[in-house]
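With mmCIF, C-alpha atoms and all ligand atoms inside, this is query.cif:
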data_entry
#
loop_
_atom_site.label_atom_id
_atom_site.label_comp_id
_atom_site.auth_asym_id
_atom_site.auth_seq_id
_atom_site.Cartn_x
_atom_site.Cartn_y
_atom_site.Cartn_z
CA MET C 174 8.33 3.72 -141.42
CA HIS C 175 4.84 3.90 -140.00
CA ILE C 176 4.69 2.26 -136.58
CA LEU C 177 1.57 1.48 -134.57
CA VAL C 178 2.44 1.63 -130.87
CA THR C 179 0.07 0.01 -128.39
CA GLY C 180 0.45 1.57 -124.96
CA GLY C 181 2.06 4.64 -126.51
CA ALA C 182 0.54 6.81 -123.75
CA GLY C 183 2.38 4.86 -121.05
CA TYR C 184 5.75 5.35 -119.42
CA ILE C 185 7.91 3.30 -121.78
CA GLY C 186 5.68 3.67 -124.83
CA SER C 187 5.63 7.48 -124.71
CA ASN C 188 9.42 7.64 -124.67
CA CYS C 189 9.71 5.18 -127.57
CA VAL C 190 7.16 7.17 -129.58
CA GLU C 191 9.23 10.31 -129.09
CA GLN C 192 12.40 8.56 -130.30
CA LEU C 193 10.60 7.14 -133.35
CA LEU C 194 9.30 10.59 -134.26
CA LEU C 195 12.76 12.10 -133.77
CA ARG C 196 14.23 9.73 -136.34
CA GLY C 197 11.45 10.57 -138.80
CA ASP C 198 9.00 7.68 -138.43
CA ARG C 199 5.24 8.18 -138.49
CA VAL C 200 3.44 6.96 -135.36
CA THR C 201 -0.09 5.84 -134.52
CA VAL C 202 -0.71 5.29 -130.81
CA PHE C 203 -3.36 2.76 -129.75
CA ASP C 204 -4.15 3.12 -126.05
CA ASN C 205 -7.20 2.83 -123.80
CA LEU C 206 -5.76 5.47 -121.43
CA THR C 207 -6.50 3.40 -118.32
CA GLU C 208 -2.81 3.28 -117.36
CA GLY C 209 -1.56 5.81 -119.91
CA HIS C 210 -2.15 9.55 -120.03
CA ARG C 211 -3.48 11.71 -122.85
CA ALA C 212 -0.76 14.26 -122.06
CA ALA C 213 1.89 11.56 -122.59
CA VAL C 214 0.85 11.08 -126.22
CA HIS C 215 3.29 13.05 -128.31
CA PRO C 216 1.44 15.80 -130.22
CA ASP C 217 2.93 14.59 -133.51
CA ALA C 218 1.54 11.08 -133.05
CA HIS C 219 -1.99 10.11 -134.06
CA LEU C 220 -3.97 8.74 -131.08
CA VAL C 221 -6.57 6.02 -131.52
CA GLU C 222 -8.39 5.39 -128.24
CA GLY C 223 -9.22 1.72 -128.00
CA ASP C 224 -8.98 -1.45 -125.98
CA LEU C 225 -7.14 -4.57 -127.10
CA ARG C 226 -9.75 -6.77 -125.48
CA ASP C 227 -12.21 -5.49 -128.09
CA ARG C 228 -11.24 -7.37 -131.25
CA GLY C 229 -13.24 -5.02 -133.46
CA GLN C 230 -11.39 -1.93 -132.19
CA ILE C 231 -7.90 -3.22 -132.80
CA HIS C 232 -8.81 -4.78 -136.15
CA ALA C 233 -10.29 -1.46 -137.31
CA ALA C 234 -7.26 0.51 -136.07
CA LEU C 235 -4.79 -1.74 -137.88
CA GLU C 236 -6.86 -1.85 -141.08
CA ALA C 237 -6.99 1.94 -141.10
CA ALA C 238 -3.31 2.46 -140.23
CA ARG C 239 -1.77 -0.46 -142.19
CA PRO C 240 1.56 0.17 -140.43
CA ASP C 241 4.93 -1.32 -141.39
CA ALA C 242 5.43 -2.58 -137.84
CA VAL C 243 3.76 -2.82 -134.44
CA MET C 244 5.37 -2.13 -131.08
CA HIS C 245 3.36 -3.70 -128.31
CA PHE C 246 3.70 -2.06 -124.88
CA ALA C 247 0.07 -2.09 -123.72
CA ALA C 248 -0.13 -4.40 -120.72
CA ASN C 249 -0.53 -4.59 -116.98
CA ALA C 250 2.86 -4.85 -115.36
CA LEU C 251 2.64 -5.04 -111.58
CA VAL C 252 3.94 -8.18 -109.93
CA GLY C 253 2.07 -7.56 -106.67
CA GLU C 254 -1.26 -6.86 -108.33
CA SER C 255 -0.92 -9.95 -110.49
CA MET C 256 -0.71 -12.04 -107.30
CA THR C 257 -4.13 -10.80 -106.16
CA ASN C 258 -5.87 -10.35 -109.52
CA PRO C 259 -4.46 -12.89 -111.99
CA SER C 260 -7.50 -12.68 -114.27
CA LYS C 261 -6.68 -9.07 -115.13
CA TYR C 262 -3.21 -10.13 -116.26
CA PHE C 263 -4.32 -13.05 -118.40
CA GLN C 264 -7.18 -11.01 -119.92
CA ASN C 265 -5.15 -7.95 -120.82
CA ASN C 266 -1.74 -9.43 -121.51
CA VAL C 267 -2.70 -12.72 -123.14
CA VAL C 268 -6.22 -12.29 -124.58
CA GLY C 269 -5.62 -8.64 -125.53
CA GLY C 270 -2.24 -9.52 -127.04
CA LEU C 271 -3.74 -12.38 -129.04
CA ASN C 272 -6.38 -10.06 -130.48
CA LEU C 273 -3.60 -7.74 -131.54
CA LEU C 274 -1.67 -10.55 -133.25
CA ASP C 275 -4.75 -11.69 -135.17
CA ALA C 276 -5.34 -8.11 -136.29
CA CYS C 277 -1.67 -7.87 -137.40
CA VAL C 278 -2.03 -11.01 -139.51
CA ALA C 279 -5.27 -9.69 -141.05
CA ALA C 280 -3.69 -6.31 -141.84
CA GLY C 281 -0.54 -7.83 -143.32
CA VAL C 282 1.82 -6.54 -140.59
CA ARG C 283 5.07 -8.54 -140.72
CA ARG C 284 7.17 -6.92 -137.99
CA PHE C 285 6.46 -6.89 -134.28
CA VAL C 286 8.40 -5.71 -131.23
CA PHE C 287 7.16 -7.01 -127.89
CA SER C 288 7.72 -5.66 -124.37
CA SER C 289 8.52 -8.78 -122.44
CA THR C 290 10.08 -9.04 -119.02
CA CYS C 291 12.73 -10.71 -116.92
CA ALA C 292 9.80 -11.84 -114.74
CA THR C 293 9.42 -14.68 -117.27
CA PHE C 294 12.51 -16.26 -115.66
CA GLY C 295 11.24 -16.37 -112.06
CA VAL C 296 14.04 -17.15 -109.61
CA PRO C 297 17.07 -17.93 -111.79
CA ASP C 298 19.53 -20.72 -110.90
CA THR C 299 22.42 -18.46 -111.90
CA VAL C 300 23.00 -14.77 -112.55
CA PRO C 301 23.42 -12.85 -114.79
CA ILE C 302 20.26 -14.06 -116.51
CA THR C 303 21.02 -15.06 -120.08
CA GLU C 304 18.54 -16.11 -122.76
CA ALA C 305 19.65 -19.73 -122.26
CA LEU C 306 18.22 -20.02 -118.74
CA PRO C 307 14.90 -21.82 -118.20
CA GLN C 308 11.79 -19.63 -117.90
CA ARG C 309 9.84 -20.49 -114.75
CA PRO C 310 7.78 -17.47 -113.72
CA ILE C 311 6.72 -17.17 -110.08
CA ASN C 312 3.85 -14.71 -110.59
CA PRO C 313 0.93 -14.36 -113.05
CA TYR C 314 2.49 -11.23 -114.56
CA GLY C 315 5.60 -13.15 -115.67
CA GLU C 316 3.46 -16.11 -116.72
CA SER C 317 1.23 -13.94 -118.90
CA LYS C 318 4.26 -12.49 -120.72
CA LEU C 319 5.77 -15.96 -121.18
CA MET C 320 2.49 -17.23 -122.62
CA PHE C 321 2.55 -14.41 -125.14
CA GLU C 322 6.17 -15.18 -126.07
CA LYS C 323 5.10 -18.76 -126.85
CA ILE C 324 2.20 -17.54 -128.96
CA LEU C 325 4.62 -15.28 -130.86
CA ARG C 326 6.80 -18.24 -131.85
CA TRP C 327 3.80 -19.94 -133.48
CA TYR C 328 2.64 -16.79 -135.26
CA ASP C 329 6.13 -16.48 -136.70
CA GLU C 330 6.23 -20.10 -137.81
CA ILE C 331 2.70 -20.22 -139.19
CA HIS C 332 2.00 -16.66 -140.32
CA GLY C 333 5.53 -15.35 -140.93
CA LEU C 334 5.17 -12.58 -138.34
CA ARG C 335 8.76 -11.57 -137.53
CA PHE C 336 9.14 -10.53 -133.92
CA VAL C 337 11.70 -9.28 -131.47
CA SER C 338 10.84 -9.88 -127.83
CA LEU C 339 12.72 -7.61 -125.43
CA ARG C 340 12.75 -8.88 -121.88
CA TYR C 341 13.21 -5.75 -119.85
CA PHE C 342 14.72 -5.65 -116.46
CA ASN C 343 13.72 -2.55 -114.40
CA ALA C 344 12.81 0.42 -116.59
CA ALA C 345 13.74 3.66 -114.83
CA GLY C 346 14.58 7.31 -115.34
CA ALA C 347 12.91 9.82 -117.63
CA GLY C 348 13.33 11.56 -120.95
CA GLU C 349 13.20 15.36 -121.27
CA ARG C 350 9.50 15.27 -121.99
CA PHE C 351 7.97 12.05 -120.67
CA GLY C 352 8.41 10.35 -117.33
CA GLU C 353 6.94 7.85 -114.91
CA ASP C 354 3.45 8.52 -113.59
CA HIS C 355 1.40 5.51 -112.57
CA ARG C 356 -2.03 6.13 -111.03
CA ILE C 357 -1.12 3.76 -108.24
CA GLU C 358 2.64 3.97 -107.85
CA THR C 359 4.27 0.76 -106.70
CA HIS C 360 7.70 1.19 -108.31
CA LEU C 361 10.72 1.85 -106.20
CA ILE C 362 12.37 4.95 -107.68
CA PRO C 363 9.23 7.12 -108.05
CA ASN C 364 8.18 6.13 -104.54
CA VAL C 365 11.54 7.12 -103.10
CA LEU C 366 11.39 10.42 -104.99
CA LYS C 367 7.91 11.09 -103.59
CA VAL C 368 9.52 11.06 -100.15
CA ALA C 369 12.18 13.49 -101.41
CA LEU C 370 9.38 15.75 -102.70
CA GLY C 371 7.71 15.69 -99.29
CA GLN C 372 4.67 13.79 -100.61
CA LYS C 373 5.30 10.71 -98.45
CA GLU C 374 6.84 10.45 -95.00
CA HIS C 375 9.10 7.48 -95.62
CA VAL C 376 9.88 4.80 -98.16
CA GLU C 377 9.07 1.19 -97.37
CA VAL C 378 11.73 -1.43 -98.06
CA PHE C 379 9.96 -4.68 -98.87
CA GLY C 380 12.16 -7.25 -97.21
CA GLY C 381 15.51 -6.82 -95.47
CA ASP C 382 16.23 -10.53 -95.06
CA TYR C 383 16.86 -11.69 -98.62
CA PRO C 384 19.99 -13.73 -99.42
CA THR C 385 21.67 -10.67 -100.95
CA PRO C 386 24.67 -8.65 -99.69
CA ASP C 387 22.56 -6.09 -97.77
CA GLY C 388 19.38 -8.17 -97.39
CA SER C 389 17.26 -6.15 -99.85
CA CYS C 390 16.31 -7.19 -103.40
CA VAL C 391 18.74 -6.47 -106.23
CA ARG C 392 17.47 -5.28 -109.62
CA ASP C 393 19.04 -4.19 -112.91
CA TYR C 394 17.79 -0.64 -113.52
CA ILE C 395 17.85 0.35 -117.19
CA HIS C 396 17.25 3.87 -118.44
CA ILE C 397 14.12 4.44 -120.46
CA LEU C 398 16.10 6.04 -123.32
CA ASP C 399 18.39 3.00 -123.51
CA LEU C 400 15.27 0.85 -123.68
CA ALA C 401 13.88 3.03 -126.46
CA ALA C 402 17.15 2.74 -128.39
CA ALA C 403 16.90 -1.06 -128.22
CA HIS C 404 13.40 -0.91 -129.71
CA LEU C 405 14.57 1.17 -132.62
CA LEU C 406 17.38 -1.30 -133.30
CA ALA C 407 14.93 -4.20 -133.02
CA LEU C 408 12.85 -2.76 -135.84
CA GLY C 409 15.77 -3.26 -138.20
CA ARG C 410 16.15 -6.97 -137.46
CA ASP C 411 14.89 -9.44 -140.09
CA GLU C 412 14.82 -12.60 -137.99
CA SER C 413 12.78 -13.28 -134.89
CA ALA C 414 14.69 -13.18 -131.62
CA PHE C 415 14.46 -12.93 -127.85
CA TYR C 416 16.79 -10.56 -126.00
CA ASN C 417 17.33 -9.90 -122.32
CA LEU C 418 17.61 -6.18 -121.85
CA GLY C 419 19.37 -4.68 -118.85
CA THR C 420 22.69 -2.98 -118.18
CA GLY C 421 24.19 -6.04 -116.48
CA GLY C 422 24.69 -4.06 -113.27
CA GLY C 423 22.66 -4.59 -110.11
CA ASN C 424 21.53 -2.26 -107.34
CA SER C 425 19.84 -3.21 -104.10
CA VAL C 426 16.81 -1.35 -102.74
CA PHE C 427 19.04 0.24 -100.10
CA GLU C 428 21.53 1.34 -102.78
CA VAL C 429 18.76 2.94 -104.83
CA ILE C 430 17.55 4.84 -101.76
CA GLU C 431 21.12 5.98 -101.05
CA SER C 432 21.47 7.13 -104.66
CA CYS C 433 18.24 9.14 -104.33
CA ARG C 434 19.62 10.79 -101.18
CA ARG C 435 22.82 11.77 -103.03
CA VAL C 436 21.01 13.09 -106.10
CA THR C 437 18.25 15.00 -104.31
CA GLY C 438 20.22 16.10 -101.25
CA ARG C 439 17.16 15.19 -99.14
CA GLU C 440 16.99 12.94 -96.11
CA ILE C 441 14.55 10.19 -97.26
CA PRO C 442 13.71 8.03 -94.22
CA ALA C 443 13.34 4.30 -94.95
CA VAL C 444 11.43 1.65 -92.98
CA VAL C 445 11.98 -2.08 -93.50
CA LYS C 446 8.72 -3.99 -94.04
CA PRO C 447 7.87 -7.64 -94.77
CA ARG C 448 8.69 -9.08 -98.19
CA ARG C 449 6.30 -8.39 -101.07
CA PRO C 450 4.81 -11.62 -102.46
CA GLY C 451 6.18 -12.63 -105.87
CA ASP C 452 9.51 -10.77 -105.64
CA PRO C 453 12.62 -12.74 -106.68
CA PRO C 454 15.70 -11.71 -104.64
CA PHE C 455 18.24 -11.01 -107.40
CA LEU C 456 17.60 -10.13 -111.06
CA VAL C 457 20.45 -8.93 -113.24
CA ALA C 458 20.59 -9.20 -117.02
CA GLY C 459 23.07 -11.00 -119.19
CA SER C 460 22.82 -8.65 -122.16
CA ASP C 461 25.68 -9.96 -124.34
CA LYS C 462 23.31 -11.20 -127.02
CA ILE C 463 21.65 -7.87 -127.76
CA ARG C 464 24.99 -6.05 -127.56
CA ARG C 465 26.48 -8.51 -130.05
CA GLU C 466 23.59 -8.92 -132.48
CA LEU C 467 22.02 -5.46 -132.46
CA GLY C 468 25.04 -3.39 -131.42
CA TRP C 469 23.12 -2.03 -128.43
CA THR C 470 25.08 -0.31 -125.63
CA PRO C 471 23.48 1.41 -122.65
CA ARG C 472 24.41 5.08 -122.28
CA PHE C 473 23.26 5.22 -118.64
CA GLN C 474 25.38 2.76 -116.64
CA LYS C 475 25.30 4.43 -113.23
CA ILE C 476 22.28 4.42 -110.95
CA ASP C 477 22.90 8.09 -110.03
CA ALA C 478 22.54 9.18 -113.68
CA ILE C 479 19.28 7.25 -113.98
CA VAL C 480 17.91 8.68 -110.72
CA GLU C 481 19.01 12.18 -111.73
CA SER C 482 16.94 12.10 -114.91
CA ALA C 483 13.92 10.82 -112.96
CA TRP C 484 14.38 13.49 -110.28
CA LYS C 485 14.52 16.27 -112.90
CA TRP C 486 11.23 15.08 -114.36
CA HIS C 487 9.50 14.71 -110.99
CA VAL C 488 10.61 18.18 -109.89
CA ARG C 489 9.07 19.62 -113.06
CA HIS C 490 5.95 17.39 -112.75
CA PRO C 491 5.41 16.94 -108.98
CA HIS C 492 1.88 15.67 -109.66
CA GLY C 493 2.76 13.71 -112.78
CA TYR C 494 0.54 14.44 -115.76
CA GLY C 495 -2.13 15.77 -113.41
CA ASP C 496 -5.01 13.58 -114.65
N1 LIG A 501 10.35 -1.97 -103.54
C1 LIG A 501 10.45 -1.50 -102.24
N2 LIG A 501 9.66 -0.44 -101.88
C2 LIG A 501 8.80 0.18 -102.73
C3 LIG A 501 8.72 -0.30 -104.05
C4 LIG A 501 9.50 -1.38 -104.43
O1 LIG A 501 11.21 -2.03 -101.45
O2 LIG A 501 8.11 1.14 -102.34
C5 LIG A 501 11.22 -3.07 -103.97
C6 LIG A 501 10.48 -4.26 -104.54
O3 LIG A 501 10.09 -5.16 -103.53
C7 LIG A 501 11.53 -4.85 -105.50
C8 LIG A 501 12.32 -3.63 -105.97
O4 LIG A 501 12.05 -2.60 -105.02
O5 LIG A 501 12.41 -5.68 -104.78
C9 LIG A 501 11.88 -3.14 -107.34
O6 LIG A 501 10.47 -3.06 -107.35
P1 LIG A 501 9.65 -2.37 -108.48
O7 LIG A 501 8.20 -2.45 -108.10
O8 LIG A 501 10.21 -1.01 -108.75
O9 LIG A 501 9.95 -3.24 -109.77
P2 LIG A 501 9.78 -4.82 -110.06
O10 LIG A 501 11.16 -5.40 -109.82
O11 LIG A 501 8.74 -5.37 -109.15
O12 LIG A 501 9.39 -4.88 -111.49
#

Go ahead and express the file in the form of structure tokens.
Amino acid sequence: MHILVTGGAGYIGSNCVEQLLLRGDRVTVFDNLTEGHRAAVHPDAHLVEGDLRDRGQIHAALEAARPDAVMHFAANALVGESMTNPSKYFQNNVVGGLNLLDACVAAGVRRFVFSSTCATFGVPDTVPITEALPQRPINPYGESKLMFEKILRWYDEIHGLRFVSLRYFNAAGAGERFGEDHRIETHLIPNVLKVALGQKEHVEVFGGDYPTPDGSCVRDYIHILDLAAAHLLALGRDESAFYNLGTGGGNSVFEVIESCRRVTGREIPAVVKPRRPGDPPFLVAGSDKIRRELGWTPRFQKIDAIVESAWKWHVRHPHGYGD
């Protein structure tokens, strides 16, 4: 297959591109390189530099590539930032995404895999979070992804665009080649590992008074290669579907820090700070549906194995991609 991957220079996109190439697919990456890195574009993929907010650029890229399917990763994905700059999230994630969908329809693309998020659920009434729970986002990031999911339903019904929307929980870890390097790093694991590398004095724990067993937020960390595997399986599905995608296990912020101490053998001081706006206390996936329907099983079930792969990558790339 020929797959056009938006955001293929980013953390999750780059790892998916590598897995597609490994199974023999042809890949075109469409990325504006604001969040992504040129060095994260696999040398066997064709890079088109462009911005989804520019309708002409994405129409031209899809007309030229005429791919069998599109995987859409390109988006802004920071809860905290979305609470201070909502416009950025609605512009990039909704307007940019809509431009992409229109270009898919014009170019005759019939298959679409979307990077959605558990942030579309907000604070769930029950956990684990299954697909049946109501979606009530509590930040513009989650809202923007939910808006796009709704648009997808209509493009399926009206234009016959078959989609799979994968609602990720917390992507983590690294592949052999590509890892996590955000220009402004807000994510937990890379920030803890920066302390282990001696690049930061301590890690901040955002909130120690949540209604969770140890008072810090609980998240479902899923390895990037398990995420990539789900995308490859999604490409083979003929009917549109939404899947929650996590391991079903949860780790608190304190547990993640403890895991990083075990894996790195370093001290890693932690300081408890006030809560970060927009953070739900407890997010763990109910992933029965994707296991049942796509036969997906996570290979990385333990937080230490996930942290270990991240640590290996950060030791080899202490300054990320260096751009
Ligand atoms: N977090 C933290 N310190 C950090 C970064 C994150 O305590 O330096 C917390 C954050 O408040 C959340 C969890 O770790 O409860 C995971 O945050 P992350 O930004 O990695 O992912 P998110 O769940 O926001 O997508």

Go through chain C and flag each residue having an atom no more than 6 Å from ligand LIG 501 (chain A); for those, report the closest pair of atoms plus their distance in Å to one decimal, using only C-alpha atoms and all ligand atoms, ordered by chain and rising number, as JSON lines.
{"residue": "C:Val252", "atom": "CA", "partner": "A:LIG501", "partner_atom": "O11", "distance": 5.6}
{"residue": "C:Asn343", "atom": "CA", "partner": "A:LIG501", "partner_atom": "O12", "distance": 5.7}
{"residue": "C:Thr359", "atom": "CA", "partner": "A:LIG501", "partner_atom": "O7", "distance": 5.3}
{"residue": "C:His360", "atom": "CA", "partner": "A:LIG501", "partner_atom": "O8", "distance": 3.4}
{"residue": "C:Leu361", "atom": "CA", "partner": "A:LIG501", "partner_atom": "C3", "distance": 3.6}
{"residue": "C:Asn364", "atom": "CA", "partner": "A:LIG501", "partner_atom": "O2", "distance": 5.5}
{"residue": "C:Val376", "atom": "CA", "partner": "A:LIG501", "partner_atom": "O2", "distance": 5.8}
{"residue": "C:Glu377", "atom": "CA", "partner": "A:LIG501", "partner_atom": "N2", "distance": 4.8}
{"residue": "C:Val378", "atom": "CA", "partner": "A:LIG501", "partner_atom": "O1", "distance": 3.5}
{"residue": "C:Phe379", "atom": "CA", "partner": "A:LIG501", "partner_atom": "O1", "distance": 3.9}
{"residue": "C:Cys390", "atom": "CA", "partner": "A:LIG501", "partner_atom": "O5", "distance": 4.4}
{"residue": "C:Val426", "atom": "CA", "partner": "A:LIG501", "partner_atom": "O4", "distance": 5.4}
{"residue": "C:Arg449", "atom": "CA", "partner": "A:LIG501", "partner_atom": "O3", "distance": 5.6}
{"residue": "C:Asp452", "atom": "CA", "partner": "A:LIG501", "partner_atom": "O5", "distance": 5.9}

Residue contacts of Ile324 of chain C (12 Å, only C-alpha atoms) excluding same-chain residues fewer than 3 positions away, as a list in words: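 Counting only the stated atoms, we get Asn266, Val267, Val268, Gly270, Leu271, Asn272, Leu273, Leu274, Asp275, Phe287, Ser317, Lys318, Leu319, Met320, Phe321, Trp327, Tyr328, Asp329, Glu330, Ile331, His332, Leu334, Phe336 and Ser338 of chain C.
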
Restricted to C-alpha atoms, what would the selected residues look like written as a PDB file, in the coordinates of the input?
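Wrote it out as out-v7.pdb, contents follow:
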ATOM      1  CA  ASN C 266      -1.740  -9.430-121.510  1.00  0.00           C
ATOM      2  CA  VAL C 267      -2.700 -12.720-123.140  1.00  0.00           C
ATOM      3  CA  VAL C 268      -6.220 -12.290-124.580  1.00  0.00           C
ATOM      4  CA  GLY C 270      -2.240  -9.520-127.040  1.00  0.00           C
ATOM      5  CA  LEU C 271      -3.740 -12.380-129.040  1.00  0.00           C
ATOM      6  CA  ASN C 272      -6.380 -10.060-130.480  1.00  0.00           C
ATOM      7  CA  LEU C 273      -3.600  -7.740-131.540  1.00  0.00           C
ATOM      8  CA  LEU C 274      -1.670 -10.550-133.250  1.00  0.00           C
ATOM      9  CA  ASP C 275      -4.750 -11.690-135.170  1.00  0.00           C
ATOM     10  CA  PHE C 287       7.160  -7.010-127.890  1.00  0.00           C
ATOM     11  CA  SER C 317       1.230 -13.940-118.900  1.00  0.00           C
ATOM     12  CA  LYS C 318       4.260 -12.490-120.720  1.00  0.00           C
ATOM     13  CA  LEU C 319       5.770 -15.960-121.180  1.00  0.00           C
ATOM     14  CA  MET C 320       2.490 -17.230-122.620  1.00  0.00           C
ATOM     15  CA  PHE C 321       2.550 -14.410-125.140  1.00  0.00           C
ATOM     16  CA  TRP C 327       3.800 -19.940-133.480  1.00  0.00           C
ATOM     17  CA  TYR C 328       2.640 -16.790-135.260  1.00  0.00           C
ATOM     18  CA  ASP C 329       6.130 -16.480-136.700  1.00  0.00           C
ATOM     19  CA  GLU C 330       6.230 -20.100-137.810  1.00  0.00           C
ATOM     20  CA  ILE C 331       2.700 -20.220-139.190  1.00  0.00           C
ATOM     21  CA  HIS C 332       2.000 -16.660-140.320  1.00  0.00           C
ATOM     22  CA  LEU C 334       5.170 -12.580-138.340  1.00  0.00           C
ATOM     23  CA  PHE C 336       9.140 -10.530-133.920  1.00  0.00           C
ATOM     24  CA  SER C 338      10.840  -9.880-127.830  1.00  0.00           C
TER      25      SER C 338
END

Contacts of Gly438 of chain C at 12 Å (all atoms listed in the file; same-chain gap of 6+ positions) as a compact mmCIF listing (two decimals) with C-alpha atoms, in the coordinates of the input:
# COMPACT_ATOMS: atom_id res chain seq x y z
CA LEU C 366 11.39 10.42 -104.99
CA VAL C 368 9.52 11.06 -100.15
CA ALA C 369 12.18 13.49 -101.41
CA LEU C 370 9.38 15.75 -102.70
CA ILE C 430 17.55 4.84 -101.76
CA GLU C 431 21.12 5.98 -101.05
CA SER C 432 21.47 7.13 -104.66
CA GLU C 481 19.01 12.18 -111.73
CA TRP C 484 14.38 13.49 -110.28

Between atom CA of Pro297 of chain C and atom CA of Ala347 of chain C, what is the distance in Å, rounded to a tenth?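 Those two atoms sit 28.7 Å apart.
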
Show which residues sit within 12 Å of Val202 of chain C, as a ChimeraX atom specification. Count only C-alpha atoms, and ignore same-chain residues fewer than 6 positions away. /C:175-183,186-187,189-191,193-194,209-211,213-224,231,234-235,238,240,243-247

Residues at most 10 Å from His490 of chain C, counting all atoms listed in the file, excluding those fewer than 5 positions away in the same chain, as number ranges by chain? C: 351-354, 484-485, 495

Quick one, how far is atom CA of Tyr341 of chain C from atom CA of Lys475 of chain C?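 Rounded to one decimal, the two atoms are 17.1 Å apart.
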
In Å, how far is it from atom CA of Thr420 of chain C to atom CA of Ser460 of chain C?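 Straight-line distance from atom CA of Thr420 of chain C to atom CA of Ser460 of chain C works out to 6.9 Å.
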
Once 8 Å is added on each side, what are the centre and the three edge lengths, in Å to one decimal, of the axis-aligned box enclosing the listed atoms of segment 206-210 of chain C? Present them as lines of an AutoDock Vina configuration file.
center_x = -4.0
center_y = 6.4
center_z = -119.4
size_x = 20.9
size_y = 22.3
size_z = 20.1

For Glu208 of chain C, which of C:Asp382, C:Tyr494, C:Asp477, C:Ile397 is the closest residue, counting all atoms listed in the file? C:Tyr494

Given the choices C:Glu358, C:Ala292, C:Gly451, C:Gln308, which gets closest to Lys373 of chain C if the distance is worked out from only C-alpha atoms?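 Of the candidates, the smallest distance to Lys373 of chain C is held by C:Glu358.
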
Which of these residues is nearest to Thr290 of chain C, using only C-alpha atoms: C:Gly388, C:Pro310, C:Gly421, C:Gly315?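 Once distances to Thr290 of chain C are computed over only C-alpha atoms, the minimum belongs to C:Gly315.
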
With all atoms listed in the file as the basis for distance, which of C:Pro307, C:Gly493, C:Pro363, C:Gly409 is at the shortest distance from Val337 of chain C?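 Of all the options, C:Gly409 lies closest to Val337 of chain C.
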
Could you please fill out segment 231-241 of chain C with N, CA, C and O atoms and send it back as a CSV table (one decimal), in the frame of the given file?
chain,number,residue,atom,x,y,z
C,231,ILE,N,-9.3,-3.1,-132.4
C,231,ILE,CA,-7.9,-3.2,-132.8
C,231,ILE,C,-7.8,-3.6,-134.3
C,231,ILE,O,-7.0,-3.2,-135.0
C,232,HIS,N,-8.8,-4.4,-134.7
C,232,HIS,CA,-8.8,-4.8,-136.2
C,232,HIS,C,-9.0,-3.5,-137.0
C,232,HIS,O,-8.3,-3.3,-138.0
C,233,ALA,N,-10.0,-2.7,-136.6
C,233,ALA,CA,-10.3,-1.5,-137.3
C,233,ALA,C,-9.1,-0.5,-137.3
C,233,ALA,O,-8.7,0.1,-138.3
C,234,ALA,N,-8.4,-0.4,-136.2
C,234,ALA,CA,-7.3,0.5,-136.1
C,234,ALA,C,-6.1,0.1,-137.0
C,234,ALA,O,-5.5,0.9,-137.7
C,235,LEU,N,-5.9,-1.2,-137.0
C,235,LEU,CA,-4.8,-1.7,-137.9
C,235,LEU,C,-5.1,-1.7,-139.4
C,235,LEU,O,-4.3,-1.4,-140.2
C,236,GLU,N,-6.4,-2.0,-139.7
C,236,GLU,CA,-6.9,-1.8,-141.1
C,236,GLU,C,-6.7,-0.4,-141.6
C,236,GLU,O,-6.3,-0.2,-142.7
C,237,ALA,N,-7.1,0.5,-140.7
C,237,ALA,CA,-7.0,1.9,-141.1
C,237,ALA,C,-5.5,2.4,-141.2
C,237,ALA,O,-5.2,3.1,-142.1
C,238,ALA,N,-4.7,2.0,-140.3
C,238,ALA,CA,-3.3,2.5,-140.2
C,238,ALA,C,-2.4,1.7,-141.2
C,238,ALA,O,-1.5,2.3,-141.8
C,239,ARG,N,-2.6,0.4,-141.4
C,239,ARG,CA,-1.8,-0.5,-142.2
C,239,ARG,C,-0.3,-0.1,-142.0
C,239,ARG,O,0.4,0.2,-142.9
C,240,PRO,N,0.2,-0.2,-140.7
C,240,PRO,CA,1.6,0.2,-140.4
C,240,PRO,C,2.6,-0.8,-141.0
C,240,PRO,O,2.2,-2.0,-141.3
C,241,ASP,N,3.9,-0.4,-141.0
C,241,ASP,CA,4.9,-1.3,-141.4
C,241,ASP,C,5.3,-2.2,-140.2
C,241,ASP,O,5.9,-3.3,-140.4
